[in-house]
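In what follows, a single structure is set out as structure tokens and then discussed.
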Amino acid sequence: MNQVPTRGGAFALLAAPCSAPLLAALCSAAVLAAVLAAPARSLEAAPGAQAAGDSRPVLDPEPRPNQKPYSPADGQEVEVTPPPFIWVPVPSGPGAVYSLQVSTSQSFEADRTRTFRGLVRSVHVPREPLPAGRWHWRYGVETAAGTVWGRARPFTVPPSARPFPFPDIDEAVKRVPAARPRLFFAGERLERAREAARGELRQAAEGLVRSCEKAIGEEFVAEPGYQPKDPAERGPWAVKVMRTTRPPMDAMERCALAYLLTGDRRLGLEAKRRLLHFFSWSPEGPTSFFAYDEPPMWVMMRGTRAYDWTQDLFDAEERGRVEANMKARALQFLKRLQSLPFESSPYDSHAGRLPGFLGECALSFIHEWPEAREWLEYATLLYCTSYPAWGGDDGGWQEGPGYWSAYMGFALHFVVALRRAAGIDLMAKPFFRSTPFYALYTATPYHEHTPFGDGQTNRPGGGLGAVLHAFSTLARDPHLRWYAEAAGYRPGADSLGLATHDPSIAARPPVDLPQARAFPAAGLVSMHTALGRKEEDVSFLLRSSPFGSVSHGHADQNAFVLEAFGRGLAIATGYYPWYGSPHHHDWTRATRAVSSVLVDGEGQVRRSRDARGAIVAFRSEAGYDYAEGEAGAAYGGRLKGFRRHVVHVRPGIFVVFDDLEAARPSTFQWLLHAYDRMRVDERGRAIRIERAPAAMDVRLLLPEEVAFAQTDRYDPAPEDAKGAWIDTWHLAASTVRPEARGRFLAVLLPHKLGGEAALPRVELLQGRGAAGVRLVHPGSGEDAIAFRTGREPARIACGGLEGEGRVLARGTSKDGAVVRRLEVPESIPESAPEPGIRR
């Protein structure tokens, strides 16, 4: 590493994510001379609450809800080495210069400490791995008086940690080919793509060419005007703009790709015609990023690739016009990212596309534009640290499979382009390694819908399949290739699929994977009985998200869905005509649209980071899966707590116990939604759902007295034309008198139509400090499950079960031998954690 001078401090190691030109700009010759003459000094940080006149920087504040938490978190065992270091920026904002120390000594003894100075962003990834062991880290702010340090934060690098140092950007730039194309198909990769298009991908490639031939000479869409001033008009206006501008921009990229594969000038010239048209729209006009962000993002996404593949068809004057427009738009993306700043405050949904778009543009112009190097470094740094906003290392996603599919498509284009052109592999990042399994488990190809989040009424399809195909190649995972093929995706007609085409990976159904998986960062637990086998699989998905009900997420904490044999039985409802439409806001986003609980007829707070939930427990053991969600904080003060316990009695019986504590006596409404009308036996507190070939019986054992109501009406109805949506059915089982505590105990019995004789007999159990259920299986033993109903007594007893846990379960064979057990300990947090905060 090189030593460079920094403002207000001594010589520092050149930090990887901070370019030399940028550091040089920070340092005048006078500062250099002063630094050479002065030793480094360390000062104590100011306490969290400063006295008037105290100018010391405040370090280690709690992150605000819109800020990334500290990383590594206190006591965290990291998956990669070095881990990304993330801290809360000082209030002085832009202009602050940071230092970072990483040490095997809690007191940061010099000979055991690595120091990185001159950091201009509140994130950093060292260029060298850390050896396995216990480490501490702290950040500081460089001032005229010396470096002010924050507190030490411990973390552990296990021997299994994968190396993931920050790359040498200068070396990466040297690897980017001088000749075009640079994106995806550089050098020999282009000839391999052409061979595939003439061979095993011929059918898809020919379809691509036919679609492009139809686009030749099409009339252009006019540049859209400015957004309407009336907020009520903006949603429909935005939908119209996207529906009219995106398809011809998509054709621009397709025609360029077809030209690249075939050499047919007609197709290349059509791509050029579109490039000249769309990049004649002024970056400072209605399609400025800061006027309406969708058209400029889309035109840059499609246009950057199309221009890279067709640049040979442009003369110097035409290149000058297109490139000036592209650079202006890229600078707007950069301005938006830095203004947030994304590295510490990435919770802007659309901004999540920008690092990848900026990175692709930087790769395309890396040898022509001097600033492209810094853009590439910044985009790579964001992907290595703060990206994504709406997920965590476990791979889950807050905004639902539909938005995951779109945003992973945006991201993977940069991931693949960076790997192919510069040799930088972002797949070592824990999120990217884990996130394809979020789709595999929660939006399995044969499901009927894709909860939880906007667009959840859609089936899994080719979009998800395309993303999983790319992941299957990047991770060389046959289970992900199975998903792509099962979803009906075939590569060859799009750039990402063609760039990640690898016929050596043979699809394999995920039958050998664990049948349950948790994604706690986004508040999800998925349970399956036969993952990958549609005719046998029953799946249950529980949602309780620490992100709250913001962005494209909903007020759906502690909601569940259940699908069986490819049919949705308990579903999430509500459509997405446009963002914030009356139906979208008042139904789809609301708790009444999902299978959760209302309090006095009211749901959780919409559009609030504080309306959070949490997965507080997950276990998967022989014979049982268990998940527990907490959602009390989501109700705006109406509840002190709402625990939803789910025990999966394998294979395919789900026992759901809800324990609610209200701030004042209230009634509670237990909700269930289905595609078709539910049959209700009010006297027996039984519900039946049929959707051939599947069916489900629901036994609501507690409370003993409820009032049922059912409707097939949305309020308000979706704004789309009637043919674009269907009525679904919505059931509420309500307590009949206000009480401070509410408890629901339900048994969900999915099965195939005609298989009712194999269902167990269901018996309510009441005991000492607990309530539960006995399941008597025809001719094959029984299971007893008990749930604690209070802190006392310390040892509960119910239905022959006894213990100190909060949940007990035991399965016995026909002759009484114990074949499976579950005990969930009592020591589980009483409330949900603060949203996103890790101390």
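Note on naming: chains are A, B, ... as they come in the structure tokens, residues start from 1 per chain, ligands start from 1 in the order shown.
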
What's the 9 Å shell around Ala506 (chain A), counting only C-alpha atoms, without same-chain residues fewer than 4 positions away, as an MDAnalysis selection string?
chainID A and resid 477:479 481:482

Please write the residues from the selection above to a file, keeping N, CA, C and O atoms, as a compact mmCIF listing (two decimals), in the first residue's frame.
# COMPACT_ATOMS: atom_id res chain seq x y z
N ASP A 477 -24.75 -23.73 -9.57
CA ASP A 477 -25.68 -24.46 -8.70
C ASP A 477 -26.78 -25.10 -9.53
O ASP A 477 -27.60 -24.39 -10.13
N PRO A 478 -26.86 -26.42 -9.56
CA PRO A 478 -27.88 -27.09 -10.38
C PRO A 478 -29.30 -26.89 -9.87
O PRO A 478 -30.25 -26.99 -10.65
N HIS A 479 -29.48 -26.62 -8.56
CA HIS A 479 -30.82 -26.38 -8.03
C HIS A 479 -31.40 -25.08 -8.61
O HIS A 479 -32.60 -25.00 -8.89
N ARG A 481 -30.55 -23.82 -11.50
CA ARG A 481 -30.85 -24.08 -12.91
C ARG A 481 -32.20 -24.80 -13.03
O ARG A 481 -32.97 -24.56 -13.97
N TRP A 482 -32.50 -25.70 -12.08
CA TRP A 482 -33.82 -26.35 -12.08
C TRP A 482 -34.92 -25.31 -11.99
O TRP A 482 -35.93 -25.39 -12.71

Find the residues near Leu382 (chain A): any atom within 12 Å, counting only C-alpha atoms, skip ones fewer than 2 places away on the same chain, and give them as a VMD selection string.
chain A and resid 17 84 to 86 121 to 125 166 334 337 to 338 341 to 346 351 to 356 358 to 359 375 to 380 384 to 389 411 426 429

What lies within 7 Å of Tyr626 (chain A) using only C-alpha atoms, ignoring chain neighbours under 6 positions off, as a list in words?
Phe618, Arg619, Ser620, Val646, Val647 and His648 of chain A

Counting only C-alpha atoms, the option among A:Arg490, A:Lys640, A:Arg182, A:Arg234 closest to Cys361 (chain A):
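Among the listed residues, A:Arg182 lies closest to Cys361 (chain A).
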
Which polymer residues have any atom within 7 Å of an atom of region 209-223 of chain A, counting only C-alpha atoms, with same-chain residues fewer than 5 positions away left out, as an NGL selection string?
:A and (244-245 or 251 or 254-255 or 258 or 267 or 270 or 281)

Skipping near chain neighbours, those fewer than 2 positions away, what residues fall within 12 Å of Val467 (chain A) using only C-alpha atoms, listed as a PyMOL selection string?
chain A and resi 401-413+416+432+435-440+460-465+469-474+480-481+483-485+487+489-491+494-497+500

In region 64-144 of chain A, what's strand (DSSP E) per DSSP? Answer as number ranges by chain?
A: 76-77, 80-81, 85-86, 98-103, 113-119, 123-124, 133-143

At a cut-off of 9 Å, using only C-alpha atoms, what residues contact Arg606 (chain A)? Leave out same-chain residues fewer than 4 positions from it and give the result as a list in words.
Gly548, Ser549, Val550, His554, Ala555, His585, Arg589, Ala590, Thr591, Ala611 and Ala634 of chain A

Let's see if you can do this: from backbone DSSP, list all helix (DSSP H, G or I) residues in region 201-297 of chain A, as JSON, numbers by chain.
{"A": [202, 203, 204, 205, 206, 207, 208, 209, 210, 211, 212, 213, 214, 215, 231, 232, 233, 234, 235, 236, 237, 238, 239, 240, 241, 242, 243, 244, 245, 246, 247, 248, 249, 250, 251, 252, 253, 254, 255, 256, 257, 258, 259, 260, 261, 262, 265, 266, 267, 268, 269, 270, 271, 272, 273, 274, 275, 276, 277, 278, 294, 295, 296, 297]}

For the selection you just gave me, I'd like the residues written to a file as an mmCIF file, in the first residue's frame, keeping C-alpha atoms.
data_model
loop_
_atom_site.group_PDB
_atom_site.id
_atom_site.type_symbol
_atom_site.label_atom_id
_atom_site.label_comp_id
_atom_site.auth_asym_id
_atom_site.auth_seq_id
_atom_site.Cartn_x
_atom_site.Cartn_y
_atom_site.Cartn_z
ATOM 1 C CA ARG A 202 -30.695 -20.994 -32.345
ATOM 2 C CA GLN A 203 -34.440 -21.056 -31.750
ATOM 3 C CA ALA A 204 -34.301 -18.285 -29.145
ATOM 4 C CA ALA A 205 -31.843 -16.242 -31.215
ATOM 5 C CA GLU A 206 -34.031 -16.499 -34.297
ATOM 6 C CA GLY A 207 -36.975 -15.327 -32.215
ATOM 7 C CA LEU A 208 -34.886 -12.348 -31.108
ATOM 8 C CA VAL A 209 -34.112 -11.455 -34.723
ATOM 9 C CA ARG A 210 -37.770 -11.733 -35.761
ATOM 10 C CA SER A 211 -38.868 -9.394 -32.959
ATOM 11 C CA CYS A 212 -36.223 -6.896 -34.041
ATOM 12 C CA GLU A 213 -37.242 -7.042 -37.701
ATOM 13 C CA LYS A 214 -40.759 -6.092 -36.665
ATOM 14 C CA ALA A 215 -39.366 -3.065 -34.805
ATOM 15 C CA PRO A 231 -50.783 14.412 -7.027
ATOM 16 C CA ALA A 232 -53.925 12.442 -7.928
ATOM 17 C CA GLU A 233 -52.929 12.520 -11.609
ATOM 18 C CA ARG A 234 -49.297 11.462 -11.153
ATOM 19 C CA GLY A 235 -49.868 7.737 -10.682
ATOM 20 C CA PRO A 236 -51.844 7.139 -13.890
ATOM 21 C CA TRP A 237 -49.520 9.526 -15.756
ATOM 22 C CA ALA A 238 -46.431 7.634 -14.587
ATOM 23 C CA VAL A 239 -47.938 4.296 -15.610
ATOM 24 C CA LYS A 240 -48.650 5.683 -19.088
ATOM 25 C CA VAL A 241 -45.121 7.044 -19.448
ATOM 26 C CA MET A 242 -43.557 3.723 -18.457
ATOM 27 C CA ARG A 243 -45.865 1.714 -20.724
ATOM 28 C CA THR A 244 -45.117 3.918 -23.740
ATOM 29 C CA THR A 245 -41.371 4.557 -23.312
ATOM 30 C CA ARG A 246 -40.045 1.261 -21.989
ATOM 31 C CA PRO A 247 -40.988 -1.072 -24.898
ATOM 32 C CA PRO A 248 -39.222 0.984 -27.609
ATOM 33 C CA MET A 249 -36.174 1.346 -25.341
ATOM 34 C CA ASP A 250 -36.214 -2.414 -24.786
ATOM 35 C CA ALA A 251 -36.233 -2.871 -28.557
ATOM 36 C CA MET A 252 -33.177 -0.612 -28.776
ATOM 37 C CA GLU A 253 -31.130 -3.065 -26.691
ATOM 38 C CA ARG A 254 -32.603 -6.115 -28.441
ATOM 39 C CA CYS A 255 -31.714 -4.779 -31.891
ATOM 40 C CA ALA A 256 -28.172 -4.010 -30.748
ATOM 41 C CA LEU A 257 -27.827 -7.519 -29.310
ATOM 42 C CA ALA A 258 -29.165 -9.052 -32.523
ATOM 43 C CA TYR A 259 -26.643 -7.001 -34.516
ATOM 44 C CA LEU A 260 -23.850 -8.175 -32.237
ATOM 45 C CA LEU A 261 -24.842 -11.814 -32.765
ATOM 46 C CA THR A 262 -25.601 -11.740 -36.481
ATOM 47 C CA ARG A 265 -26.523 -3.971 -40.290
ATOM 48 C CA ARG A 266 -30.266 -3.426 -40.621
ATOM 49 C CA LEU A 267 -30.672 -4.414 -36.979
ATOM 50 C CA GLY A 268 -27.660 -2.391 -35.866
ATOM 51 C CA LEU A 269 -28.886 0.670 -37.698
ATOM 52 C CA GLU A 270 -32.296 0.305 -36.051
ATOM 53 C CA ALA A 271 -30.588 0.283 -32.659
ATOM 54 C CA LYS A 272 -28.609 3.354 -33.723
ATOM 55 C CA ARG A 273 -31.772 5.133 -34.897
ATOM 56 C CA ARG A 274 -33.298 4.606 -31.483
ATOM 57 C CA LEU A 275 -30.150 5.658 -29.658
ATOM 58 C CA LEU A 276 -30.027 8.928 -31.582
ATOM 59 C CA HIS A 277 -33.695 9.542 -30.843
ATOM 60 C CA PHE A 278 -33.765 8.787 -27.148
ATOM 61 C CA GLU A 294 -37.993 6.250 -14.613
ATOM 62 C CA PRO A 295 -37.276 7.294 -18.246
ATOM 63 C CA PRO A 296 -33.637 8.322 -17.621
ATOM 64 C CA MET A 297 -32.874 5.142 -15.704
#

Could you check which of A:Arg134, A:His584, A:Arg517, A:Arg194 is closest to Ala499 (chain A), using only C-alpha atoms?
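Nearest candidate to Ala499 (chain A) out of A:Arg134, A:His584, A:Arg517, A:Arg194: A:Arg194.
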
Find the distance between CA of Ile571 (chain A) and CA of Tyr675 (chain A) and write it in Å to one decimal.
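Computing the Euclidean distance for CA of Ile571 (chain A) and CA of Tyr675 (chain A) yields 7.4 Å.
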
Nearest to Gly805 (chain A): which of A:Gly392, A:Pro825, A:Pro83, A:Pro665 is it, counting only C-alpha atoms?
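Answer, going by the shortest atom-to-atom distance: A:Pro825.
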
Show me, as a VMD selection string, the residues that have an atom within 8 Å of Arg543 (chain A) when counting only C-alpha atoms, minus same-chain residues fewer than 4 positions from it.
chain A and resid 452 523 to 525 556 to 560 615 629

Which residue, A:Pro430, A:Ser99, A:Ala443, A:Phe108, has the smallest gap to Ala161 (chain A) when you use only C-alpha atoms?
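Using only C-alpha atoms, the shortest distance to Ala161 (chain A) belongs to A:Pro430.
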